[in-house]
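**Q** First the structure, then my questions, so here it is.
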Amino acid sequence: MYTEKVMDHFRHPRNVGEMENPSGMGTVGNAKCGDIMRIYLDIDDNQVIRDVKFKTFGCGAAVATSSMATEMVKGKTVQEAMEVTNKAVCEALDGLPPVKVHCSLLAEEAIHAALWDYAQKRGITIQGLEKPKSDIGEEETEEEY
C-alpha cells in the first residue's frame, strides 16, 4: 500500500520535463523491473542547483521517488545534493513497500549520475561522488524503509 505522499507525487509529479543544455544529466535504470530515470540539473556558478527536471519510465513508485528527489535537491548546493540518499527519499515519502525501495535507489543514483556528468564537464571533483552505476539491481536494496 502506498502512502498519501507517494500517491500525491505520482498523481501530481513535480519538475517533470527535459532541459536543454543541462549542467549535468544522469540516466539510470533497473533492467529487471524496467524502470528508467533521467535527471537534468541546472547548476549556477556557485554550485547551487537552480533548476531540476526529470523524466521517468516506470511504476508509480518510480515517478514518486523521482518527483520527491527533484524537490529535495532544488535550491541546494552540489554538496548538499550529495546528502540526498535513497533512505532520505523514502522517509520524505513516508515510506515505500519493500518491493519498491529500489525506486528510491534509482532516484539517488540518477542525482549522482547527473552530478557526475556535471563534474566531468567542468573537470572538477565532488567530494564523496563515485562513478555511478547505470543499472541498479534489486539485490542492492535489501533494507526496508
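Simple scheme: letters A, B, ... for chains in C-alpha cells order, numbers from 1 for residues in each chain, numbers from 1 for ligands in the order shown.
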Kindly provide the residues of segment 21-71 of chain A that approach segment 93-117 of chain A to within 10 Å, each paired with its closest atom pair and their distance in Å to one decimal, based on only C-alpha atoms, listed by chain and increasing number, as JSON lines.

**A**
```
{"residue": "A:Pro22", "atom": "CA", "partner": "A:Ala114", "partner_atom": "CA", "distance": 9.2}
{"residue": "A:Ser23", "atom": "CA", "partner": "A:Asp117", "partner_atom": "CA", "distance": 7.9}
{"residue": "A:Gly24", "atom": "CA", "partner": "A:Ala114", "partner_atom": "CA", "distance": 4.7}
{"residue": "A:Met25", "atom": "CA", "partner": "A:Ala114", "partner_atom": "CA", "distance": 4.1}
{"residue": "A:Gly26", "atom": "CA", "partner": "A:Ala114", "partner_atom": "CA", "distance": 3.8}
{"residue": "A:Thr27", "atom": "CA", "partner": "A:Ala110", "partner_atom": "CA", "distance": 5.7}
{"residue": "A:Val28", "atom": "CA", "partner": "A:Ala110", "partner_atom": "CA", "distance": 5.6}
{"residue": "A:Gly29", "atom": "CA", "partner": "A:Leu106", "partner_atom": "CA", "distance": 6.7}
{"residue": "A:Asn30", "atom": "CA", "partner": "A:Leu106", "partner_atom": "CA", "distance": 7.7}
{"residue": "A:Cys33", "atom": "CA", "partner": "A:His102", "partner_atom": "CA", "distance": 9.6}
{"residue": "A:Asp35", "atom": "CA", "partner": "A:Cys103", "partner_atom": "CA", "distance": 7.9}
{"residue": "A:Ile36", "atom": "CA", "partner": "A:Leu106", "partner_atom": "CA", "distance": 8.1}
{"residue": "A:Met37", "atom": "CA", "partner": "A:Ala110", "partner_atom": "CA", "distance": 6.5}
{"residue": "A:Arg38", "atom": "CA", "partner": "A:Ala110", "partner_atom": "CA", "distance": 6.3}
{"residue": "A:Ile39", "atom": "CA", "partner": "A:Ala110", "partner_atom": "CA", "distance": 5.9}
{"residue": "A:Tyr40", "atom": "CA", "partner": "A:Ala114", "partner_atom": "CA", "distance": 6.5}
{"residue": "A:Leu41", "atom": "CA", "partner": "A:Ala114", "partner_atom": "CA", "distance": 6.7}
{"residue": "A:Asp42", "atom": "CA", "partner": "A:Ala114", "partner_atom": "CA", "distance": 9.9}
{"residue": "A:Ile43", "atom": "CA", "partner": "A:Leu115", "partner_atom": "CA", "distance": 9.5}
{"residue": "A:Val52", "atom": "CA", "partner": "A:Ile111", "partner_atom": "CA", "distance": 9.8}
{"residue": "A:Phe54", "atom": "CA", "partner": "A:Ala110", "partner_atom": "CA", "distance": 9.4}
{"residue": "A:Thr56", "atom": "CA", "partner": "A:Ala107", "partner_atom": "CA", "distance": 9.8}
{"residue": "A:Gly58", "atom": "CA", "partner": "A:Cys103", "partner_atom": "CA", "distance": 9.1}
{"residue": "A:Cys59", "atom": "CA", "partner": "A:Cys103", "partner_atom": "CA", "distance": 8.7}
{"residue": "A:Gly60", "atom": "CA", "partner": "A:Cys103", "partner_atom": "CA", "distance": 9.4}
{"residue": "A:Ala61", "atom": "CA", "partner": "A:Cys103", "partner_atom": "CA", "distance": 6.3}
{"residue": "A:Ala62", "atom": "CA", "partner": "A:Cys103", "partner_atom": "CA", "distance": 5.0}
{"residue": "A:Val63", "atom": "CA", "partner": "A:Cys103", "partner_atom": "CA", "distance": 8.5}
{"residue": "A:Ala64", "atom": "CA", "partner": "A:Leu93", "partner_atom": "CA", "distance": 8.1}
{"residue": "A:Thr65", "atom": "CA", "partner": "A:Ser104", "partner_atom": "CA", "distance": 5.5}
{"residue": "A:Ser66", "atom": "CA", "partner": "A:Ala107", "partner_atom": "CA", "distance": 5.4}
{"residue": "A:Ser67", "atom": "CA", "partner": "A:Ala107", "partner_atom": "CA", "distance": 8.8}
{"residue": "A:Met68", "atom": "CA", "partner": "A:Leu93", "partner_atom": "CA", "distance": 7.3}
{"residue": "A:Ala69", "atom": "CA", "partner": "A:Ala107", "partner_atom": "CA", "distance": 6.2}
{"residue": "A:Thr70", "atom": "CA", "partner": "A:Ile111", "partner_atom": "CA", "distance": 8.4}
```

**Q** Next, write the just-selected residues to a file, as a PDB file, in the first residue's frame, keeping C-alpha atoms as the atom set.

**A**
```pdb
ATOM      1  CA  PRO A  22      21.749  21.000 -18.674  1.00  0.00           C
ATOM      2  CA  SER A  23      24.771  21.461 -16.429  1.00  0.00           C
ATOM      3  CA  GLY A  24      24.511  17.741 -15.764  1.00  0.00           C
ATOM      4  CA  MET A  25      22.283  14.880 -16.861  1.00  0.00           C
ATOM      5  CA  GLY A  26      22.135  11.377 -15.466  1.00  0.00           C
ATOM      6  CA  THR A  27      20.240   8.306 -16.615  1.00  0.00           C
ATOM      7  CA  VAL A  28      19.940   5.110 -14.616  1.00  0.00           C
ATOM      8  CA  GLY A  29      17.707   2.090 -14.823  1.00  0.00           C
ATOM      9  CA  ASN A  30      16.807  -1.266 -13.432  1.00  0.00           C
ATOM     10  CA  CYS A  33      11.867  -4.203 -13.492  1.00  0.00           C
ATOM     11  CA  ASP A  35      12.300   1.439 -14.623  1.00  0.00           C
ATOM     12  CA  ILE A  36      14.396   4.166 -16.263  1.00  0.00           C
ATOM     13  CA  MET A  37      15.044   7.532 -14.638  1.00  0.00           C
ATOM     14  CA  ARG A  38      16.718  10.611 -16.142  1.00  0.00           C
ATOM     15  CA  ILE A  39      17.548  13.719 -14.089  1.00  0.00           C
ATOM     16  CA  TYR A  40      18.610  17.086 -15.533  1.00  0.00           C
ATOM     17  CA  LEU A  41      20.371  19.696 -13.392  1.00  0.00           C
ATOM     18  CA  ASP A  42      20.904  23.425 -13.986  1.00  0.00           C
ATOM     19  CA  ILE A  43      23.739  24.448 -11.663  1.00  0.00           C
ATOM     20  CA  VAL A  52      15.984  20.303 -11.917  1.00  0.00           C
ATOM     21  CA  PHE A  54      13.140  14.533 -14.587  1.00  0.00           C
ATOM     22  CA  THR A  56      10.885   8.570 -15.689  1.00  0.00           C
ATOM     23  CA  GLY A  58       8.311   3.132 -14.738  1.00  0.00           C
ATOM     24  CA  CYS A  59       5.859   2.370 -11.996  1.00  0.00           C
ATOM     25  CA  GLY A  60       4.107   4.828  -9.689  1.00  0.00           C
ATOM     26  CA  ALA A  61       6.847   4.499  -7.062  1.00  0.00           C
ATOM     27  CA  ALA A  62       9.499   5.365  -9.670  1.00  0.00           C
ATOM     28  CA  VAL A  63       7.601   8.518 -10.645  1.00  0.00           C
ATOM     29  CA  ALA A  64       7.002   9.473  -6.999  1.00  0.00           C
ATOM     30  CA  THR A  65      10.634   8.963  -5.957  1.00  0.00           C
ATOM     31  CA  SER A  66      11.845  10.958  -8.967  1.00  0.00           C
ATOM     32  CA  SER A  67       9.492  13.790  -8.117  1.00  0.00           C
ATOM     33  CA  MET A  68      10.439  13.828  -4.432  1.00  0.00           C
ATOM     34  CA  ALA A  69      14.179  13.619  -5.178  1.00  0.00           C
ATOM     35  CA  THR A  70      13.989  16.638  -7.501  1.00  0.00           C
TER      36      THR A  70
END
```

**Q** Taking the DSSP assignment computed from this structure's backbone, write out as an MDAnalysis selection string all residues of segment 27-128 of chain A that belong to alpha helix (DSSP H).

**A** chainID A and resid 60:73 78:82 86:92 101:122

**Q** Which of these residues is nearest to Ala81 of chain A, using only C-alpha atoms: A:Arg14, A:Arg50, A:Lys133, A:Lys121?

**A**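 Selected residue with least distance to Ala81 of chain A: A:Arg50.
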
**Q** Running DSSP on the backbone, which parts of segment 16-137 of chain A land in strand (DSSP E), as a PDB file with C-alpha atoms, in the first residue's frame?

**A**
```pdb
ATOM      1  CA  GLY A  24      24.511  17.741 -15.764  1.00  0.00           C
ATOM      2  CA  MET A  25      22.283  14.880 -16.861  1.00  0.00           C
ATOM      3  CA  GLY A  26      22.135  11.377 -15.466  1.00  0.00           C
ATOM      4  CA  THR A  27      20.240   8.306 -16.615  1.00  0.00           C
ATOM      5  CA  VAL A  28      19.940   5.110 -14.616  1.00  0.00           C
ATOM      6  CA  GLY A  29      17.707   2.090 -14.823  1.00  0.00           C
ATOM      7  CA  ILE A  36      14.396   4.166 -16.263  1.00  0.00           C
ATOM      8  CA  MET A  37      15.044   7.532 -14.638  1.00  0.00           C
ATOM      9  CA  ARG A  38      16.718  10.611 -16.142  1.00  0.00           C
ATOM     10  CA  ILE A  39      17.548  13.719 -14.089  1.00  0.00           C
ATOM     11  CA  TYR A  40      18.610  17.086 -15.533  1.00  0.00           C
ATOM     12  CA  LEU A  41      20.371  19.696 -13.392  1.00  0.00           C
ATOM     13  CA  ASP A  42      20.904  23.425 -13.986  1.00  0.00           C
ATOM     14  CA  ILE A  43      23.739  24.448 -11.663  1.00  0.00           C
ATOM     15  CA  ILE A  49      21.082  23.737  -8.260  1.00  0.00           C
ATOM     16  CA  ARG A  50      18.843  26.411  -9.803  1.00  0.00           C
ATOM     17  CA  ASP A  51      16.519  24.017 -11.558  1.00  0.00           C
ATOM     18  CA  VAL A  52      15.984  20.303 -11.917  1.00  0.00           C
ATOM     19  CA  LYS A  53      13.792  18.229 -14.229  1.00  0.00           C
ATOM     20  CA  PHE A  54      13.140  14.533 -14.587  1.00  0.00           C
ATOM     21  CA  LYS A  55      11.713  12.010 -16.998  1.00  0.00           C
ATOM     22  CA  THR A  56      10.885   8.570 -15.689  1.00  0.00           C
ATOM     23  CA  PHE A  57       9.590   5.468 -17.378  1.00  0.00           C
TER      24      PHE A  57
END
```

**Q** May I have the residues within 10 Å of Glu83 of chain A as an MDAnalysis selection string, using only C-alpha atoms and disregarding those fewer than 5 positions away in the same chain?

**A** chainID A and resid 72:73 78 88 108 128
